[in-house]
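Okay, so here's the structure we're looking at.
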Amino acid sequence: MSDSSLELPEAAVRRLESSAFSSGLTVPDFAACLDLGLQPVGLVQGFCVMRWGWYGAGSGYMRGMNPYAPGQQNNSGYAETYRCPHGFVSNEHRMWGQNLEQTWVEEAWSEGYGSAYRRMLDEAVSLGAHGVIGVTDRVNPLADTGTTEFHFLGTAVKVEDGPPPAGGVPWTTYLAGQRLTKSIEAGFMPVAVVATMASVRVWAYCMTEYLMEGSRGWGGPTSPYEVEQVSKAHMAVRQLARKQVRQQLSGDTLHGARIEVVNRELSQGDEVIDCTLRGNRMRRFKDFDDVPPPRPTVRLT
Amino acid sequence: MSANGAIDARAEMLSGAKSLAVASPPSRARGVTSDLSIDEALLLHGAGWEPVDLVCGVSVVSVPIGVWNWGQGEITVASVAHNAAVKGAADQLRDECIKVHGHGVVGVRVQVEVRTHHIDVELVGTAVRPIDAKNLPASPFVSDLSARDFTLLKGAGWMPVGLAFGASFAYAPRRSAGDVMKQKTQNIELTNFTEAMYSARESAMERMQRSALDVGGQGVVQVKVTEGPMHFARHAVGFTAWGTAVRLVAESHQFVQPQVILPLNDAVVAFEAQSLRST
């Protein structure tokens with residue numbers, strides 16, 4: 001297996017060396033796959049279990065790291081700072097707030113996701129596959145251990161009479177069956193499944209705290225008011241995810257994108273916003289054929 | 001494509017595999033992102049449009065303390081906060097669409113969360129534009145219609161112009177102790193309840209229609225209405241109504257004449273291999 005990866009379990013070796021193939025495809029998808037000239041060669045999977053470390057002092061996680069003190073931060077990502085308009089009120093008063101991209105969380109997520117993905121590809125390569133279709137990926141907490149498991153599953157296929165992909169790295173896609181057929185017929189060849197995660201931590205300053213807790217306290221307005229810091233953090237995390245995905249596209253197209261946002265409220269306006277974006281990276285290998293105008297129909301059933 | 005015009009999927013697959021057999025040179029071109037399905041992308045293309053980019057809009061608006069306490073009539077502050085949050089998110093979405101040179105956003109997913117002290121609105125959709133479009137529109141449209149519905153609407157001579165939204169929150173009315181005692185053994189209409197709910201519903205719909213007019217719409221299609229008590233304040237009921245504001249751009253409505261079909265499938269046949277192929 002490739003860099004920093006593990007040896008395959010013995011059972012996996014025996015399964016992959018077996019003369020019978022296995023596949024995660026449904027019967028309709030299996031039939032469509034054969035129709036496309038794709039020969040299933042085996043069910044492949046990849047795992048990685050990551051532990052989220054203690055984000056203590058120095059990691060940029062703990063409150064108390066004043067953004068105004070020089071040399072305190074070493075974060076190359078998005079950061080936006082907010083300053084209290086009231087001056088010194090009390091020690092509890094939040095004199096500053098910050099939206100900070102948690103690059104270390106994003107890197108850890110990418111490492112876990114990438115390792116599991118590479119392990120799935122390793123299995124596919126060992127089967128001599130050209131591609132992996134019907135990929136599913138799950139990112140789940142593993143029991144109650146403070147760990148996260150990344151799991152990939154897909155069906156490795158060979159293109160009948162087709163050449164191996166460049167560099168011997170199989171192409172991958174979430175699609176299978178009729179949807180894959182339509183994509184191919186439309187001139188889009190799957191390149192890879194792509195996914196990225198962006199994470200932004202919101203440290204609320206006094207105004208955000210008041211607004212998110214019900215507009216009270218020092219100068220807190222008593223009418224509806226846009227919570228600028230939180231709105232900006234939400235927009236930023238989505239923009240970061242899209243920017244990161246676009247960097248993986250190299251001019252190709254992302255089809256069927258799915259954007260998921262998880263918001264963990266910590267306290268009094270403080271929160272962590274994680275945004276995951278995944279989809280199929282597709283490459284145009286021919287121009288669109290003219291699609292006949294669709295004909296509206298009414299079913300008499 | 002084969003001689004009879006049908007696409008040879010196997011040959012196309014082979015062409016696709018050959019295109020990946022050679023390493024592509026690194027490209028700095030901006031990739032297209034879209035949450036459309038392949039069916040929707042093909043339909044859009046058939047109508048002369050293409051996806052440009054995935055776009056988002058988010059707005060979080062505060063609700064002051066004490067707003068949800070017992071009272072009478074409409075909870076105006078909450079209604080204002082809700083409408084402000086939707087407008088803020090729609091403006092963000094439109095700004096993102098302009099940045100990527102889109103002419104509008106289709107398939108917008110609307111997610112609204114009403115909390116005790118803030119209302120969060122998230123809009124996500126795909127910016128689209130006519131293929132080979134040169135000029136940008138003055139203001140791109142925002143629509144929660146799917147690409148399929150957009151294509152159908154366009155074919156009928158109409159265009160979406162914006163998202164129409166209206167919300168109204170009201171206190172469930174209280175009866176006096178005397179009324180409660182008097183009505184305990186009666187089967188009667190609680191007219192104050194009826195009137196309050198009726199009025200709140202109408203307010204939400206009226207606001208939706210007004211917002212449609214504000215963006216230059218002549219009507220609203222695919223209106224969704226939600227209602228229900230707030231989970232944190234059971235005595236307060238929220239009503240929302242939203243849809244896509246549309247405008248006739250052709251000289252007159254183009255009649256879409258659907259072909260009537262009567263499927264003769266045997267209901268017992270659950271799987272038919274031929275149905276796997278697109279036609």
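All residue names refer to the structure tokens as shown: chains lettered A, B, ... in order, residues numbered from 1 in each chain, ligands numbered from 1 in order.
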
**Item:** Residues of chain B within 7 Å of chain A, only C-alpha atoms counted, as a ChimeraX atom specification
**Value:** /B:7,9-10,12-14,16-23,26-38,46,57-65,77,81,117-118,258-262,276-278

**Request:** Determine which residues of region 5-53 of chain A DSSP labels as strand (DSSP E or B) from the backbone of this structure, then write them out as a ChimeraX atom specification.
**Result:** /A:38-51

**Prompt:** Separation of CA of Thr136 (chain A) and CA of Cys275 (chain A), in Å?
**Reply:**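 Pair CA of Thr136 (chain A) / CA of Cys275 (chain A) returns 18.4 Å.
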
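By chain and then residue number, the residues within 7 Å of Ser115 (chain A) are Cys48, Glu111 and Arg119 of chain A, counting only C-alpha atoms and disregarding those fewer than 4 positions away in sequence.
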
**Item:** Atomic distance CA of Arg201 (chain B) - CA of Cys56 (chain B), expressed in Å with one decimal
**Value:** 28.6 Å

**Asked** Between B:Gly104, B:Gly166, B:Gly217, B:Pro160, which has the minimum distance to Asn83 (chain B) (counting only C-alpha atoms)?
**Response**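 Closest candidate: B:Gly166.
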
**Asked** Could you name the residues that touch Glu50 (chain B) at 8 Å or less, counting only C-alpha atoms, but leaving out those on the same chain fewer than 3 positions away, as a ChimeraX atom specification?
**Response** /B:41,44-45,128-131

**Request:** Excluding region 227-236 of chain B and residues on its chain fewer than 2 positions from it, collect all residues at most 7 Å away from it, counting only C-alpha atoms, and give them as a list in words.
**Result:**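 Everything that qualifies: Trp68, Thr116, Phe169, Ala170, Tyr171, Ala172, Val225, Gly238, Phe239 and Thr240 of chain B.
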
**Item:** Which of region 89-241 of chain B DSSP labels alpha helix (DSSP H), written as a VMD selection string
**Value:** chain B and resid 89 to 99 147 to 155 177 to 183 191 to 214

How would the residues just chosen look if you wrote them out with N, CA and C atoms as a short mmCIF file (atom, residue, chain, number, x, y, z; two decimals), in the first residue's frame?
```cif
data_model
loop_
_atom_site.label_atom_id
_atom_site.label_comp_id
_atom_site.auth_asym_id
_atom_site.auth_seq_id
_atom_site.Cartn_x
_atom_site.Cartn_y
_atom_site.Cartn_z
N ALA B 89 -30.24 36.85 3.06
CA ALA B 89 -29.67 35.65 2.42
C ALA B 89 -29.85 35.71 0.90
N ALA B 90 -31.03 36.17 0.46
CA ALA B 90 -31.28 36.26 -0.99
C ALA B 90 -30.33 37.28 -1.63
N ASP B 91 -30.07 38.38 -0.93
CA ASP B 91 -29.13 39.38 -1.46
C ASP B 91 -27.72 38.80 -1.59
N GLN B 92 -27.33 38.02 -0.57
CA GLN B 92 -25.99 37.38 -0.61
C GLN B 92 -25.91 36.43 -1.81
N LEU B 93 -26.98 35.68 -1.99
CA LEU B 93 -27.01 34.71 -3.08
C LEU B 93 -26.90 35.42 -4.43
N ARG B 94 -27.62 36.51 -4.54
CA ARG B 94 -27.60 37.29 -5.79
C ARG B 94 -26.21 37.88 -6.02
N ASP B 95 -25.58 38.36 -4.95
CA ASP B 95 -24.22 38.91 -5.08
C ASP B 95 -23.25 37.86 -5.57
N GLU B 96 -23.36 36.65 -5.00
CA GLU B 96 -22.46 35.57 -5.42
C GLU B 96 -22.71 35.22 -6.89
N CYS B 97 -23.97 35.25 -7.29
CA CYS B 97 -24.32 34.93 -8.67
C CYS B 97 -23.71 35.96 -9.61
N ILE B 98 -23.77 37.22 -9.24
CA ILE B 98 -23.19 38.29 -10.08
C ILE B 98 -21.68 38.09 -10.20
N LYS B 99 -21.05 37.72 -9.08
CA LYS B 99 -19.58 37.56 -9.09
C LYS B 99 -19.14 36.48 -10.08
N ALA B 147 -34.26 22.69 -12.11
CA ALA B 147 -33.87 22.97 -13.49
C ALA B 147 -34.96 22.49 -14.45
N ARG B 148 -35.63 21.40 -14.08
CA ARG B 148 -36.70 20.87 -14.93
C ARG B 148 -37.87 21.86 -15.00
N ASP B 149 -38.26 22.37 -13.85
CA ASP B 149 -39.38 23.31 -13.83
C ASP B 149 -39.00 24.63 -14.50
N PHE B 150 -37.73 25.03 -14.31
CA PHE B 150 -37.25 26.26 -14.95
C PHE B 150 -37.37 26.12 -16.47
N THR B 151 -36.95 24.96 -16.99
CA THR B 151 -36.99 24.73 -18.44
C THR B 151 -38.43 24.75 -18.94
N LEU B 152 -39.31 24.14 -18.18
CA LEU B 152 -40.72 24.09 -18.56
C LEU B 152 -41.34 25.49 -18.55
N LEU B 153 -41.02 26.23 -17.49
CA LEU B 153 -41.54 27.60 -17.34
C LEU B 153 -41.08 28.48 -18.49
N LYS B 154 -39.79 28.34 -18.82
CA LYS B 154 -39.20 29.14 -19.89
C LYS B 154 -39.88 28.79 -21.22
N GLY B 155 -40.13 27.50 -21.40
CA GLY B 155 -40.79 27.06 -22.63
C GLY B 155 -42.20 27.62 -22.77
N ALA B 177 -61.10 33.48 31.91
CA ALA B 177 -61.47 32.35 32.80
C ALA B 177 -62.95 32.06 32.69
N GLY B 178 -63.76 33.14 32.55
CA GLY B 178 -65.20 32.97 32.43
C GLY B 178 -65.57 32.21 31.17
N ASP B 179 -64.88 32.58 30.06
CA ASP B 179 -65.16 31.91 28.78
C ASP B 179 -64.78 30.44 28.86
N VAL B 180 -63.64 30.17 29.49
CA VAL B 180 -63.18 28.78 29.60
C VAL B 180 -64.21 27.96 30.34
N MET B 181 -64.73 28.50 31.44
CA MET B 181 -65.72 27.78 32.24
C MET B 181 -67.02 27.58 31.45
N LYS B 182 -67.42 28.69 30.75
CA LYS B 182 -68.68 28.66 30.03
C LYS B 182 -68.64 27.67 28.86
N GLN B 183 -67.47 27.60 28.23
CA GLN B 183 -67.37 26.77 27.02
C GLN B 183 -66.97 25.33 27.31
N THR B 191 -63.93 31.50 18.04
CA THR B 191 -63.79 32.50 16.97
C THR B 191 -62.53 33.34 17.09
N ASN B 192 -62.11 33.59 18.32
CA ASN B 192 -60.88 34.40 18.44
C ASN B 192 -59.68 33.63 17.91
N PHE B 193 -59.68 32.30 18.10
CA PHE B 193 -58.61 31.47 17.54
C PHE B 193 -58.68 31.52 16.02
N THR B 194 -59.86 31.28 15.49
CA THR B 194 -60.03 31.25 14.04
C THR B 194 -59.56 32.56 13.42
N GLU B 195 -60.01 33.66 14.02
CA GLU B 195 -59.67 34.97 13.45
C GLU B 195 -58.17 35.23 13.51
N ALA B 196 -57.56 34.87 14.63
CA ALA B 196 -56.12 35.14 14.79
C ALA B 196 -55.31 34.33 13.78
N MET B 197 -55.65 33.05 13.63
CA MET B 197 -54.90 32.20 12.71
C MET B 197 -55.14 32.62 11.26
N TYR B 198 -56.40 32.97 10.99
CA TYR B 198 -56.77 33.41 9.64
C TYR B 198 -55.95 34.64 9.28
N SER B 199 -55.94 35.57 10.20
CA SER B 199 -55.26 36.83 9.96
C SER B 199 -53.75 36.62 9.77
N ALA B 200 -53.17 35.75 10.60
CA ALA B 200 -51.72 35.53 10.51
C ALA B 200 -51.36 34.86 9.17
N ARG B 201 -52.19 33.91 8.76
CA ARG B 201 -51.94 33.24 7.48
C ARG B 201 -52.02 34.24 6.33
N GLU B 202 -53.05 35.06 6.38
CA GLU B 202 -53.24 36.03 5.30
C GLU B 202 -52.08 37.03 5.27
N SER B 203 -51.59 37.41 6.46
CA SER B 203 -50.47 38.35 6.50
C SER B 203 -49.25 37.76 5.82
N ALA B 204 -48.96 36.48 6.10
CA ALA B 204 -47.80 35.83 5.49
C ALA B 204 -47.93 35.80 3.98
N MET B 205 -49.12 35.44 3.52
CA MET B 205 -49.33 35.35 2.07
C MET B 205 -49.31 36.71 1.40
N GLU B 206 -49.89 37.69 2.10
CA GLU B 206 -49.90 39.04 1.53
C GLU B 206 -48.47 39.58 1.41
N ARG B 207 -47.64 39.28 2.41
CA ARG B 207 -46.24 39.73 2.37
C ARG B 207 -45.50 39.04 1.22
N MET B 208 -45.82 37.75 1.06
CA MET B 208 -45.17 37.02 -0.04
C MET B 208 -45.53 37.67 -1.37
N GLN B 209 -46.80 37.99 -1.54
CA GLN B 209 -47.23 38.58 -2.81
C GLN B 209 -46.61 39.96 -3.01
N ARG B 210 -46.49 40.69 -1.91
CA ARG B 210 -45.90 42.02 -2.02
C ARG B 210 -44.42 41.90 -2.42
N SER B 211 -43.74 40.91 -1.84
CA SER B 211 -42.32 40.75 -2.19
C SER B 211 -42.17 40.34 -3.65
N ALA B 212 -43.17 39.60 -4.18
CA ALA B 212 -43.13 39.23 -5.60
C ALA B 212 -43.27 40.48 -6.47
N LEU B 213 -44.17 41.36 -6.08
CA LEU B 213 -44.35 42.60 -6.84
C LEU B 213 -43.09 43.46 -6.77
N ASP B 214 -42.45 43.46 -5.60
CA ASP B 214 -41.23 44.27 -5.42
C ASP B 214 -40.13 43.87 -6.39
#
```

**Item:** region 140-149 of chain A surroundings by only C-alpha atoms, 6 Å radius, close-in-sequence under 2 positions cut, as a list in words
**Value:**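 My reading of the contact set: Cys48, Val49, Met50 and Arg51 of chain A.
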
Preceding selection exported with N, CA and C atoms as a PDB file, in the first residue's frame:
```
ATOM      1  N   CYS A  48     -10.001   4.640   7.570  1.00  0.00           N
ATOM      2  CA  CYS A  48      -9.004   5.362   8.368  1.00  0.00           C
ATOM      3  C   CYS A  48      -9.709   5.881   9.618  1.00  0.00           C
ATOM      4  N   VAL A  49      -9.145   5.624  10.739  1.00  0.00           N
ATOM      5  CA  VAL A  49      -9.715   6.132  11.994  1.00  0.00           C
ATOM      6  C   VAL A  49      -8.786   7.223  12.510  1.00  0.00           C
ATOM      7  N   MET A  50      -9.352   8.392  12.710  1.00  0.00           N
ATOM      8  CA  MET A  50      -8.549   9.536  13.164  1.00  0.00           C
ATOM      9  C   MET A  50      -9.007   9.944  14.562  1.00  0.00           C
ATOM     10  N   ARG A  51      -8.069  10.327  15.347  1.00  0.00           N
ATOM     11  CA  ARG A  51      -8.400  10.857  16.665  1.00  0.00           C
ATOM     12  C   ARG A  51      -8.183  12.363  16.617  1.00  0.00           C
TER      13      ARG A  51
END
```

**Item:** Interatomic distance, CA of Ala12 (chain A) to CA of Ser126 (chain A) (Å, one decimal)
**Value:**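 Computed distance, CA of Ala12 (chain A) to CA of Ser126 (chain A), equals 11.1 Å.
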
**Message:** Here is a test: counting only C-alpha atoms, which residue of A:Ala79, A:Val194, A:Leu153, A:Leu175 is nearest to Gly42 (chain A)?
**Reply:**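 The shortest atom-to-atom distance to Gly42 (chain A) comes from A:Leu153.
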